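Participant: Structure in structure tokens, see below.
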Amino acid sequence: MSRTLLIIKPDATERDMVGHIVSRLEKARYSVVEMRMMNLTTEQAREFYAVHEGKPFLDDLVAFMTTGRVVPMVLEKENAVLDLRTLVGATNPVNADCGTIRYEIGRNIEKNSVHASDSDENAAKEIAFFFDK
Ligand code: CDP
Ligand code: MG
């Protein structure tokens with residue numbers, strides 16, 4: 001078993017899609033082992049996305065991530081990180097494969113409904129960012 005972090009982003013909480021997304025994850029055999037709902041501060045959003053420092057989209061992304069509720073959760077499954085990236089789909093929903101979460105509910109390249117960790121190393125860091133040991 002391995003673990004990864006998923007965040008339901010504000011564009012999805014605003015449309016009341018929390019239950020829909022969790023249901024999709026559970027049908028894909030993920031177990032939700034930790035979950036919370038919160039509003040990110042600008043400082044928290046910048047820290048979480050520090051890897052994107054200097055990129056042109058960062059300021060808008062940070063602003064978007066603080067517009068509403070987010071739902072970070074820890075998901076457990078075999079091969080969790082890579083399988084979740086596949087289930088989530090490409091960053092831009094117009095490029096996402098049919099059947100992925102972003103294809104189904106993503107609005108645009110920024111408001112793409114969910115975040116998913118991209119490596120085991122980053123998953124561990126991102127889980128520690130939101131949840132105590
Ligand atoms: O989330 P993912 O790993 O697929 O993409 P990323 O390249 O790590 O970018 C992080 C987030 O920044 C994306 O999920 C989008 O919300 C946002 N983004 C954006 O607004 N414009 C871009 N050109 C690229 C990413
Ligand atoms: Mg990323």
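Chain labels run A, B, ... following the order of the structure tokens; each chain numbers its residues from 1, and ligands are numbered from 1 in the order shown.
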Residues within 8 Å of ligand 1 (only C-alpha atoms and all ligand atoms), as a PyMOL selection string?

Facilitator: chain A and resi 49+52+56-58+60-61+85+89-92+109-118

Participant: With DSSP run on the backbone, what are the strand (DSSP E or B) residues within stretch 21-83 of chain A? I'd like them as a ChimeraX atom specification.

Facilitator: /A:31-35,38-39,69-77

Participant: As an exercise, work out the distance from atom CA of A:Val32 to atom CA of A:Ser119 in Å and give it to one decimal place.

Facilitator: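 Answer for the atom CA of A:Val32 to atom CA of A:Ser119 separation: 18.4 Å.
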
Participant: What's around stretch 15-31 of chain A at 10 Å? Count only C-alpha atoms, leave out sequence neighbours fewer than 4 positions away in its own chain, and write the answer as a list in words.

Facilitator: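 Once the adjacent positions are removed, what remains is Arg3, Thr4, Leu6, Ile8, Lys9, Pro10, Asp11, Val70, Val71, Met73, Val74, Leu75, Glu76, Lys77, Glu78, Ala80, Asp83, Leu84, Leu87, Val88, Thr100, Ile101, Ile105, Ser113 and Val114 of chain A.
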
Participant: Residues at most 12 Å from A:Phe48, counting only C-alpha atoms, excluding those fewer than 6 positions away in the same chain, as a list in words?

Facilitator: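 Near neighbours after the sequence-gap exclusion: Ile7, Leu40, Thr41, Thr42, Leu58, Leu61, Val62, Met65, Thr66, Pro72, His115, Ser117, Asn122, Ala123, Lys125, Glu126, Ile127, Ala128, Phe129 and Phe130 of chain A.
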
Participant: What's the separation between atom CA of A:Val81 and atom CA of A:Glu34, in Å to one decimal place?

Facilitator: 15.6 Å
